[in-house]
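One structure is given below, encoded as structure tokens.
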Amino acid sequence: PLVPFPAPPGRGGGCRCRGGVGRMQAMPDQPELDVRAMRDDSIVVVEPDDGRQSAWPAWKHLLEDISIANPVPTSLKLSYKNLGDAGACRLAELLGTRLSGLESLDLSCTSVGSVGAVAVAKALGAHASLKSLDMSSNAVADTGAVAFAAALRSNASLESLSLHACLVGDKGAKGLAEALGANKALQTLNLRQNYIGDEGAAAVAAALRASRTLTILDLQSNSYRAAGRKALSEAYDFNRRVQPSVPLSWHAGGGGGGGAPPR
């Protein structure tokens, strides 16, 4: 659904770009930008009209093109693009402006750490349209998970959040569990393959018992043991409207394990 479009007059002083991702826009009848298969060079060479050259990170070129895409996309798939924290922070800015109407965002496997995750979470807190957010296989860690928990307290639109394989531990799980009590919109929460132990599992289990909106809550392949399994099993039995797993996404790899999560 992507076609080339010329740069608008005056953009970047009439820059010509070599390498990296090309400019794109969504077709009018398919307002979705899917750049997952596009070339992802680490550097884009920008040539202004005066002949000088400067190097842009590929993520910057990509996001600047997205910022002027016409029509504005309602769905954006960026998985496997090497955004990093800097790219995630820029994207968070766009969520508050140009992408304020975005409904679905896939940031799985984009090398985002806790700094970028916090920026996206803060933007989510004030976003009124986003329904689905996939952060799978990024280093969100407890810091990012707590930030997403804070966002869920004020956000009233998000229906699906995936933190699959995001290095989330007990602290992050407890924060998310507390947020579920205040949130009235979230239906799917994927915490598969993290480092959530018995304490985190017990906190989530308590939130599961009280939830009236969740329909899917996935905590498979975490670090909890018998006590955590028991708490979750009893919670699922108590609230039978919630399913314990989601289908594995093709892009969400990684693995949970024992011990403490990396920071």
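Identifiers for the structure tokens are assigned positionally: chains receive A, B, ... in sequence, residues are indexed from 1 per chain, and ligands are indexed from 1 in the order shown.
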**Message:** I need the helix (DSSP H, G or I) residues of stretch 82-218 of chain A per DSSP on the backbone, written as a ChimeraX atom specification.
**Reply:** /A:84-95,114-126,141-154,170-180,198-210
So that I can check the surroundings of A:Asn222, please list as a PDB file with C-alpha atoms, in the first residue's frame every protein, DNA and RNA residue that reaches within 6 Å of it, counting only C-alpha atoms and ignoring chain neighbours fewer than 6 positions away.
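For reference, part-v6.pdb as written:
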```pdb
ATOM      1  CA  GLN A 193       8.416 -14.332  28.395  1.00  0.00           C
ATOM      2  CA  ASN A 194       9.514 -11.844  31.029  1.00  0.00           C
ATOM      3  CA  TYR A 195      11.061 -12.157  34.493  1.00  0.00           C
ATOM      4  CA  ILE A 196       7.947 -11.906  36.640  1.00  0.00           C
ATOM      5  CA  GLY A 256      12.060 -15.252  29.733  1.00  0.00           C
TER       6      GLY A 256
END
```
**Request:** Find the spatial neighbours of A:Leu91, counting only C-alpha atoms, within a cut-off of 10 Å - ignore same-chain residues fewer than 2 positions away - and output them as a ChimeraX atom specification.
**Result:** /A:59-60,63-64,66-67,83,85-89,93-99,116,119-120,123
Could you turn the residues from that selection into a file that holds N, CA, C and O atoms, as a short mmCIF file (atom, residue, chain, number, x, y, z; two decimals), in the first residue's frame?
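Output below, filename out_38.cif:
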```cif
data_model
loop_
_atom_site.label_atom_id
_atom_site.label_comp_id
_atom_site.auth_asym_id
_atom_site.auth_seq_id
_atom_site.Cartn_x
_atom_site.Cartn_y
_atom_site.Cartn_z
N TRP A 59 16.59 6.21 11.05
CA TRP A 59 15.31 6.40 11.75
C TRP A 59 14.82 7.83 11.61
O TRP A 59 13.61 8.06 11.52
N LYS A 60 15.74 8.79 11.58
CA LYS A 60 15.31 10.19 11.49
C LYS A 60 14.69 10.46 10.13
O LYS A 60 13.64 11.10 10.03
N LEU A 63 11.20 8.75 10.09
CA LEU A 63 10.17 9.42 10.89
C LEU A 63 9.81 10.79 10.34
O LEU A 63 8.65 11.22 10.43
N GLU A 64 10.77 11.50 9.75
CA GLU A 64 10.44 12.78 9.15
C GLU A 64 9.53 12.59 7.94
O GLU A 64 8.62 13.39 7.70
N ILE A 66 7.41 10.07 7.65
CA ILE A 66 6.11 9.71 8.22
C ILE A 66 5.39 10.95 8.72
O ILE A 66 4.16 11.07 8.60
N SER A 67 6.14 11.91 9.23
CA SER A 67 5.52 13.12 9.79
C SER A 67 4.81 13.96 8.74
O SER A 67 3.95 14.78 9.09
N LEU A 83 15.08 1.90 15.53
CA LEU A 83 14.78 3.23 16.05
C LEU A 83 15.65 3.61 17.24
O LEU A 83 16.12 4.73 17.35
N ASP A 85 16.39 4.45 21.30
CA ASP A 85 15.72 5.39 22.19
C ASP A 85 15.49 6.75 21.52
O ASP A 85 14.46 7.38 21.72
N ALA A 86 16.46 7.19 20.73
CA ALA A 86 16.32 8.49 20.07
C ALA A 86 15.13 8.50 19.11
O ALA A 86 14.33 9.45 19.08
N GLY A 87 15.00 7.44 18.34
CA GLY A 87 13.86 7.35 17.42
C GLY A 87 12.54 7.25 18.15
O GLY A 87 11.54 7.85 17.73
N ALA A 88 12.53 6.50 19.26
CA ALA A 88 11.29 6.36 20.03
C ALA A 88 10.88 7.70 20.63
O ALA A 88 9.68 8.03 20.69
N CYS A 89 11.86 8.48 21.07
CA CYS A 89 11.53 9.80 21.63
C CYS A 89 10.96 10.73 20.57
O CYS A 89 10.02 11.48 20.84
N GLU A 93 7.02 12.37 20.25
CA GLU A 93 6.63 13.74 19.93
C GLU A 93 5.56 13.76 18.84
O GLU A 93 4.59 14.52 18.92
N LEU A 94 5.73 12.91 17.83
CA LEU A 94 4.76 12.86 16.73
C LEU A 94 3.40 12.36 17.21
O LEU A 94 2.37 12.76 16.68
N LEU A 95 3.41 11.48 18.21
CA LEU A 95 2.14 10.99 18.74
C LEU A 95 1.31 12.12 19.36
O LEU A 95 0.08 12.05 19.40
N GLY A 96 1.98 13.14 19.81
CA GLY A 96 1.27 14.28 20.39
C GLY A 96 0.88 15.32 19.37
O GLY A 96 0.17 16.28 19.71
N THR A 97 1.34 15.15 18.12
CA THR A 97 1.04 16.16 17.09
C THR A 97 0.47 15.49 15.84
O THR A 97 -0.73 15.24 15.76
N ARG A 98 1.34 15.22 14.90
CA ARG A 98 0.92 14.71 13.59
C ARG A 98 0.20 13.36 13.68
O ARG A 98 -0.72 13.09 12.91
N LEU A 99 0.61 12.52 14.61
CA LEU A 99 0.03 11.18 14.72
C LEU A 99 -0.97 11.07 15.87
O LEU A 99 -1.16 10.00 16.44
N GLY A 116 13.41 5.27 25.78
CA GLY A 116 12.43 5.42 24.71
C GLY A 116 11.06 4.93 25.12
O GLY A 116 10.04 5.51 24.74
N ALA A 119 9.28 7.55 27.11
CA ALA A 119 8.79 8.62 26.24
C ALA A 119 7.48 8.21 25.54
O ALA A 119 6.52 8.98 25.48
N VAL A 120 7.46 6.99 25.02
CA VAL A 120 6.24 6.50 24.35
C VAL A 120 5.10 6.38 25.35
O VAL A 120 3.95 6.72 25.05
N ALA A 123 3.54 9.73 26.09
CA ALA A 123 2.67 10.14 24.98
C ALA A 123 1.37 9.35 24.99
O ALA A 123 0.29 9.90 24.69
#
```
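Of the residues under consideration (A:Ser245, A:Met135, A:Arg90, A:Asp170), A:Met135 shows the shortest atom-to-atom contact distance to A:Lys77 when counting only C-alpha atoms.
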Could you list, with a cut-off of 10 Å and counting only C-alpha atoms, the residues of stretch 203-243 of chain A near stretch 148-160 of chain A, each shown with its nearest atom pair and the distance in Å rounded to one decimal, rows sorted by chain and ascending number, as JSON lines?
```
{"residue": "A:Thr213", "atom": "CA", "partner": "A:Glu159", "partner_atom": "CA", "distance": 9.2}
{"residue": "A:Leu214", "atom": "CA", "partner": "A:Glu159", "partner_atom": "CA", "distance": 8.8}
{"residue": "A:Ile216", "atom": "CA", "partner": "A:Ser160", "partner_atom": "CA", "distance": 9.2}
```
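Picture a line from atom CA of A:Leu161 to atom CA of A:Ala145; it runs 10.9 Å.
Here atom CA of A:Val140 is placed at a distance of 17.9 Å from atom CA of A:Gln220.
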